[in-house]
>>> print(open('structure-v9.cif').read())   # mmCIF, C-alpha atoms
data_protein
#
loop_
_atom_site.label_atom_id
_atom_site.label_comp_id
_atom_site.auth_asym_id
_atom_site.auth_seq_id
_atom_site.Cartn_x
_atom_site.Cartn_y
_atom_site.Cartn_z
CA MET A 1 110.28 -15.34 44.86
CA SER A 2 107.62 -12.66 44.84
CA GLU A 3 106.13 -11.01 47.90
CA THR A 4 102.77 -9.31 47.93
CA THR A 5 102.46 -6.01 49.76
CA PRO A 6 99.28 -4.91 51.46
CA PRO A 7 97.34 -2.05 49.88
CA VAL A 8 98.44 1.43 50.90
CA GLY A 9 94.95 2.92 51.46
CA PRO A 10 92.84 2.59 54.59
CA ASP A 11 91.24 -0.70 55.44
CA PRO A 12 87.66 -0.63 54.08
CA GLU A 13 86.27 -2.27 57.23
CA VAL A 14 87.84 0.32 59.56
CA VAL A 15 86.76 3.51 57.76
CA PRO A 16 82.96 3.22 58.23
CA SER A 17 83.45 2.27 61.88
CA GLN A 18 85.66 5.33 62.47
CA ARG A 19 83.13 7.61 60.76
CA ARG A 20 80.28 6.26 62.84
CA LEU A 21 82.38 6.57 66.01
CA ARG A 22 83.29 10.14 65.07
CA LEU A 23 79.65 11.06 64.47
CA THR A 24 78.38 9.50 67.68
CA SER A 25 81.09 11.05 69.85
CA VAL A 26 81.46 14.50 68.25
CA VAL A 27 77.97 15.59 67.21
CA PRO A 28 76.53 15.44 70.77
CA VAL A 29 79.27 17.81 71.95
CA TRP A 30 78.42 20.28 69.19
CA LEU A 31 74.73 20.03 70.04
CA LEU A 32 75.52 20.69 73.70
CA ALA A 33 77.48 23.79 72.71
CA VAL A 34 74.66 25.05 70.48
CA VAL A 35 71.94 24.45 73.10
CA GLY A 36 74.05 26.00 75.85
CA SER A 37 74.85 29.03 73.70
CA VAL A 38 71.21 29.57 72.82
CA LEU A 39 70.30 29.35 76.49
CA VAL A 40 72.99 31.91 77.35
CA LEU A 41 71.71 34.24 74.65
CA THR A 42 68.10 33.98 75.74
CA LEU A 43 68.25 33.65 79.53
CA THR A 44 71.18 35.72 80.78
CA GLN A 45 71.24 39.47 81.11
CA LYS A 46 74.46 39.95 83.04
CA ASP A 47 77.54 37.75 83.35
CA SER A 48 76.75 36.26 79.95
CA PHE A 49 80.42 35.68 79.15
CA ALA A 50 80.94 33.74 82.39
CA TRP A 51 78.03 31.47 81.49
CA LEU A 52 79.39 31.12 77.97
CA LEU A 53 82.74 30.03 79.38
CA LEU A 54 80.92 27.45 81.47
CA VAL A 55 79.20 26.13 78.32
CA PHE A 56 82.57 25.73 76.60
CA VAL A 57 84.16 23.98 79.59
CA ALA A 58 81.17 21.63 79.82
CA ALA A 59 81.45 20.82 76.11
CA VAL A 60 85.16 20.00 76.39
CA PHE A 61 84.51 17.89 79.49
CA VAL A 62 81.72 15.98 77.76
CA SER A 63 83.97 15.41 74.73
CA PHE A 64 86.60 13.79 76.97
CA VAL A 65 83.98 11.66 78.71
CA LEU A 66 82.47 10.49 75.42
CA GLN A 67 85.90 9.58 74.07
CA LEU A 68 86.72 7.58 77.19
CA VAL A 69 83.37 5.79 77.04
CA THR A 70 84.05 4.60 73.49
CA GLN A 71 87.21 2.81 74.70
CA THR A 72 88.81 3.20 71.27
CA LYS A 73 92.29 4.68 71.16
CA ASP A 74 92.52 4.94 67.36
CA GLY A 75 91.73 8.53 66.40
CA LEU A 76 91.26 9.70 69.98
CA VAL A 77 93.16 12.95 69.58
CA GLU A 78 91.46 13.68 66.26
CA ARG A 79 87.97 13.17 67.71
CA ILE A 80 88.70 15.32 70.78
CA SER A 81 90.18 18.03 68.55
CA ILE A 82 87.18 18.03 66.22
CA ALA A 83 84.68 18.12 69.10
CA SER A 84 86.53 20.89 70.96
CA SER A 85 87.14 22.96 67.84
CA GLY A 86 83.51 22.78 66.79
CA SER A 87 82.28 23.82 70.22
CA PHE A 88 84.84 26.64 70.27
CA VAL A 89 83.47 27.99 66.98
CA VAL A 90 79.92 27.87 68.36
CA VAL A 91 80.99 29.72 71.53
CA LEU A 92 83.00 32.24 69.51
CA VAL A 93 80.02 33.09 67.30
CA THR A 94 77.87 33.43 70.42
CA ALA A 95 80.44 35.74 72.02
CA LEU A 96 80.47 37.91 68.91
CA ILE A 97 76.67 38.11 69.06
CA LEU A 98 76.88 39.10 72.73
CA LEU A 99 79.39 41.82 71.89
CA ALA A 100 77.13 43.19 69.19
CA ARG A 101 74.18 43.55 71.59
#
>>> encode(input="structure-v9.cif", output="structure tokens")
Amino acid sequence: MSETTPPVGPDPEVVPSQRRLRLTSVVPVWLLAVVGSVLVLTLTQKDSFAWLLLVFVAAVFVSFVLQLVTQTKDGLVERISIASSGSFVVVLVTALILLAR
């Protein structure tokens, strides 16, 4: 009697859906961080770091909201980590620019 085992790799139908979900729920958070950082750089003269912190908190909050709206638990932690890490890098670069001014 011979049993067949399922393939080890990811299911081909799931992978494109996860990529599309990752793009639609992560990229807007990064764009929010970029737009907020540019606004902080151009509009604030004092308390720039406080405004920059607000941009980062807003980006993390939006990432949680977008993940909850998708109602998909598969890859939730990965998507939140990617969105938050990307916005952190944007805010970090902005903070370094502010320090150099």
>>> residues_near_point(input="structure-v9.cif", point="(76.5, 27.2, 70.6)", cutoff="12 Å", atoms="all atoms listed in the file", output="MDAnalysis selection string")
chainID A and resid 28:42 51:56 58:59 84:97
>>> closest_residue(input="structure-v9.cif", among="A:Leu98, A:Val69, A:Ala83, A:Leu76", to="A:Phe49", atoms="all atoms listed in the file")
A:Leu98
>>> residues_near_point(input="structure-v9.cif", point="(84.3, 9.4, 75.2)", cutoff="10 Å", atoms="all atoms listed in the file", output="list in words")
Leu21, Thr24, Ser25, Val26, Phe61, Val62, Ser63, Phe64, Val65, Leu66, Gln67, Leu68, Val69, Thr70, Gln71, Thr72, Leu76, Arg79 and Ile80 of chain A
>>> atom_distance(input="structure-v9.cif", atom1="atom CA of A:Leu43", atom2="atom CA of A:Ile82")
27.9 Å
>>> atom_distance(input="structure-v9.cif", atom1="atom CA of A:Leu23", atom2="atom CA of A:Gly75")
12.5 Å
>>> atom_distance(input="structure-v9.cif", atom1="atom CA of A:Thr44", atom2="atom CA of A:Val57")
17.5 Å
>>> closest_residue(input="structure-v9.cif", among="A:Arg22, A:Asp47, A:Val27, A:Arg101", to="A:Val77", atoms="all atoms listed in the file")
A:Arg22
>>> build_atoms(input="structure-v9.cif", residues="stretch 27-62 of chain A", atoms="N, CA and C atoms", output="PDB file, in the frame of the given file")
ATOM      1  N   VAL A  27      79.206  14.833  67.438  1.00  0.00           N
ATOM      2  CA  VAL A  27      77.970  15.590  67.210  1.00  0.00           C
ATOM      3  C   VAL A  27      77.254  15.943  68.523  1.00  0.00           C
ATOM      4  N   PRO A  28      77.172  15.039  69.510  1.00  0.00           N
ATOM      5  CA  PRO A  28      76.530  15.440  70.770  1.00  0.00           C
ATOM      6  C   PRO A  28      77.222  16.610  71.466  1.00  0.00           C
ATOM      7  N   VAL A  29      78.530  16.689  71.340  1.00  0.00           N
ATOM      8  CA  VAL A  29      79.270  17.810  71.950  1.00  0.00           C
ATOM      9  C   VAL A  29      78.903  19.109  71.248  1.00  0.00           C
ATOM     10  N   TRP A  30      78.816  19.071  69.928  1.00  0.00           N
ATOM     11  CA  TRP A  30      78.420  20.280  69.190  1.00  0.00           C
ATOM     12  C   TRP A  30      77.004  20.684  69.549  1.00  0.00           C
ATOM     13  N   LEU A  31      76.106  19.716  69.670  1.00  0.00           N
ATOM     14  CA  LEU A  31      74.730  20.030  70.040  1.00  0.00           C
ATOM     15  C   LEU A  31      74.649  20.627  71.443  1.00  0.00           C
ATOM     16  N   LEU A  32      75.455  20.116  72.359  1.00  0.00           N
ATOM     17  CA  LEU A  32      75.520  20.690  73.700  1.00  0.00           C
ATOM     18  C   LEU A  32      75.976  22.141  73.651  1.00  0.00           C
ATOM     19  N   ALA A  33      76.982  22.426  72.832  1.00  0.00           N
ATOM     20  CA  ALA A  33      77.480  23.790  72.710  1.00  0.00           C
ATOM     21  C   ALA A  33      76.419  24.712  72.106  1.00  0.00           C
ATOM     22  N   VAL A  34      75.701  24.230  71.119  1.00  0.00           N
ATOM     23  CA  VAL A  34      74.660  25.050  70.480  1.00  0.00           C
ATOM     24  C   VAL A  34      73.517  25.315  71.466  1.00  0.00           C
ATOM     25  N   VAL A  35      73.045  24.277  72.145  1.00  0.00           N
ATOM     26  CA  VAL A  35      71.940  24.450  73.100  1.00  0.00           C
ATOM     27  C   VAL A  35      72.367  25.359  74.247  1.00  0.00           C
ATOM     28  N   GLY A  36      73.562  25.147  74.770  1.00  0.00           N
ATOM     29  CA  GLY A  36      74.050  26.000  75.850  1.00  0.00           C
ATOM     30  C   GLY A  36      74.211  27.442  75.416  1.00  0.00           C
ATOM     31  N   SER A  37      74.682  27.662  74.206  1.00  0.00           N
ATOM     32  CA  SER A  37      74.850  29.030  73.700  1.00  0.00           C
ATOM     33  C   SER A  37      73.517  29.719  73.502  1.00  0.00           C
ATOM     34  N   VAL A  38      72.547  28.987  72.993  1.00  0.00           N
ATOM     35  CA  VAL A  38      71.210  29.570  72.820  1.00  0.00           C
ATOM     36  C   VAL A  38      70.607  29.916  74.179  1.00  0.00           C
ATOM     37  N   LEU A  39      70.804  29.056  75.151  1.00  0.00           N
ATOM     38  CA  LEU A  39      70.300  29.350  76.490  1.00  0.00           C
ATOM     39  C   LEU A  39      70.978  30.583  77.087  1.00  0.00           C
ATOM     40  N   VAL A  40      72.274  30.719  76.861  1.00  0.00           N
ATOM     41  CA  VAL A  40      72.990  31.910  77.350  1.00  0.00           C
ATOM     42  C   VAL A  40      72.448  33.151  76.673  1.00  0.00           C
ATOM     43  N   LEU A  41      72.222  33.072  75.374  1.00  0.00           N
ATOM     44  CA  LEU A  41      71.710  34.240  74.650  1.00  0.00           C
ATOM     45  C   LEU A  41      70.310  34.635  75.111  1.00  0.00           C
ATOM     46  N   THR A  42      69.498  33.662  75.430  1.00  0.00           N
ATOM     47  CA  THR A  42      68.100  33.980  75.740  1.00  0.00           C
ATOM     48  C   THR A  42      67.834  34.220  77.221  1.00  0.00           C
ATOM     49  N   LEU A  43      68.587  33.598  78.104  1.00  0.00           N
ATOM     50  CA  LEU A  43      68.250  33.650  79.530  1.00  0.00           C
ATOM     51  C   LEU A  43      69.112  34.591  80.371  1.00  0.00           C
ATOM     52  N   THR A  44      70.300  34.914  79.927  1.00  0.00           N
ATOM     53  CA  THR A  44      71.180  35.720  80.780  1.00  0.00           C
ATOM     54  C   THR A  44      71.156  37.182  80.360  1.00  0.00           C
ATOM     55  N   GLN A  45      71.168  38.036  81.373  1.00  0.00           N
ATOM     56  CA  GLN A  45      71.240  39.470  81.110  1.00  0.00           C
ATOM     57  C   GLN A  45      72.594  40.027  81.532  1.00  0.00           C
ATOM     58  N   LYS A  46      73.123  39.537  82.647  1.00  0.00           N
ATOM     59  CA  LYS A  46      74.460  39.950  83.040  1.00  0.00           C
ATOM     60  C   LYS A  46      75.297  38.704  83.293  1.00  0.00           C
ATOM     61  N   ASP A  47      76.592  38.875  83.238  1.00  0.00           N
ATOM     62  CA  ASP A  47      77.540  37.750  83.350  1.00  0.00           C
ATOM     63  C   ASP A  47      77.357  36.726  82.246  1.00  0.00           C
ATOM     64  N   SER A  48      76.972  37.178  81.073  1.00  0.00           N
ATOM     65  CA  SER A  48      76.750  36.260  79.950  1.00  0.00           C
ATOM     66  C   SER A  48      78.036  35.553  79.533  1.00  0.00           C
ATOM     67  N   PHE A  49      79.156  36.284  79.584  1.00  0.00           N
ATOM     68  CA  PHE A  49      80.420  35.680  79.150  1.00  0.00           C
ATOM     69  C   PHE A  49      80.893  34.601  80.129  1.00  0.00           C
ATOM     70  N   ALA A  50      80.597  34.767  81.404  1.00  0.00           N
ATOM     71  CA  ALA A  50      80.940  33.740  82.390  1.00  0.00           C
ATOM     72  C   ALA A  50      80.137  32.465  82.119  1.00  0.00           C
ATOM     73  N   TRP A  51      78.858  32.628  81.820  1.00  0.00           N
ATOM     74  CA  TRP A  51      78.030  31.470  81.490  1.00  0.00           C
ATOM     75  C   TRP A  51      78.481  30.826  80.183  1.00  0.00           C
ATOM     76  N   LEU A  52      78.911  31.645  79.248  1.00  0.00           N
ATOM     77  CA  LEU A  52      79.390  31.120  77.970  1.00  0.00           C
ATOM     78  C   LEU A  52      80.674  30.310  78.157  1.00  0.00           C
ATOM     79  N   LEU A  53      81.534  30.783  79.055  1.00  0.00           N
ATOM     80  CA  LEU A  53      82.740  30.030  79.380  1.00  0.00           C
ATOM     81  C   LEU A  53      82.375  28.689  80.009  1.00  0.00           C
ATOM     82  N   LEU A  54      81.370  28.690  80.857  1.00  0.00           N
ATOM     83  CA  LEU A  54      80.920  27.450  81.470  1.00  0.00           C
ATOM     84  C   LEU A  54      80.384  26.469  80.420  1.00  0.00           C
ATOM     85  N   VAL A  55      79.700  26.978  79.420  1.00  0.00           N
ATOM     86  CA  VAL A  55      79.200  26.130  78.320  1.00  0.00           C
ATOM     87  C   VAL A  55      80.378  25.486  77.592  1.00  0.00           C
ATOM     88  N   PHE A  56      81.418  26.268  77.313  1.00  0.00           N
ATOM     89  CA  PHE A  56      82.570  25.730  76.600  1.00  0.00           C
ATOM     90  C   PHE A  56      83.295  24.670  77.438  1.00  0.00           C
ATOM     91  N   VAL A  57      83.489  24.945  78.710  1.00  0.00           N
ATOM     92  CA  VAL A  57      84.160  23.980  79.590  1.00  0.00           C
ATOM     93  C   VAL A  57      83.341  22.691  79.679  1.00  0.00           C
ATOM     94  N   ALA A  58      82.028  22.814  79.774  1.00  0.00           N
ATOM     95  CA  ALA A  58      81.170  21.630  79.820  1.00  0.00           C
ATOM     96  C   ALA A  58      81.277  20.825  78.526  1.00  0.00           C
ATOM     97  N   ALA A  59      81.340  21.521  77.395  1.00  0.00           N
ATOM     98  CA  ALA A  59      81.450  20.820  76.110  1.00  0.00           C
ATOM     99  C   ALA A  59      82.771  20.060  76.006  1.00  0.00           C
ATOM    100  N   VAL A  60      83.854  20.681  76.437  1.00  0.00           N
ATOM    101  CA  VAL A  60      85.160  20.000  76.390  1.00  0.00           C
ATOM    102  C   VAL A  60      85.160  18.810  77.352  1.00  0.00           C
ATOM    103  N   PHE A  61      84.595  18.992  78.534  1.00  0.00           N
ATOM    104  CA  PHE A  61      84.510  17.890  79.490  1.00  0.00           C
ATOM    105  C   PHE A  61      83.699  16.730  78.936  1.00  0.00           C
ATOM    106  N   VAL A  62      82.564  17.028  78.339  1.00  0.00           N
ATOM    107  CA  VAL A  62      81.720  15.980  77.760  1.00  0.00           C
ATOM    108  C   VAL A  62      82.443  15.290  76.608  1.00  0.00           C
TER     109      VAL A  62
END
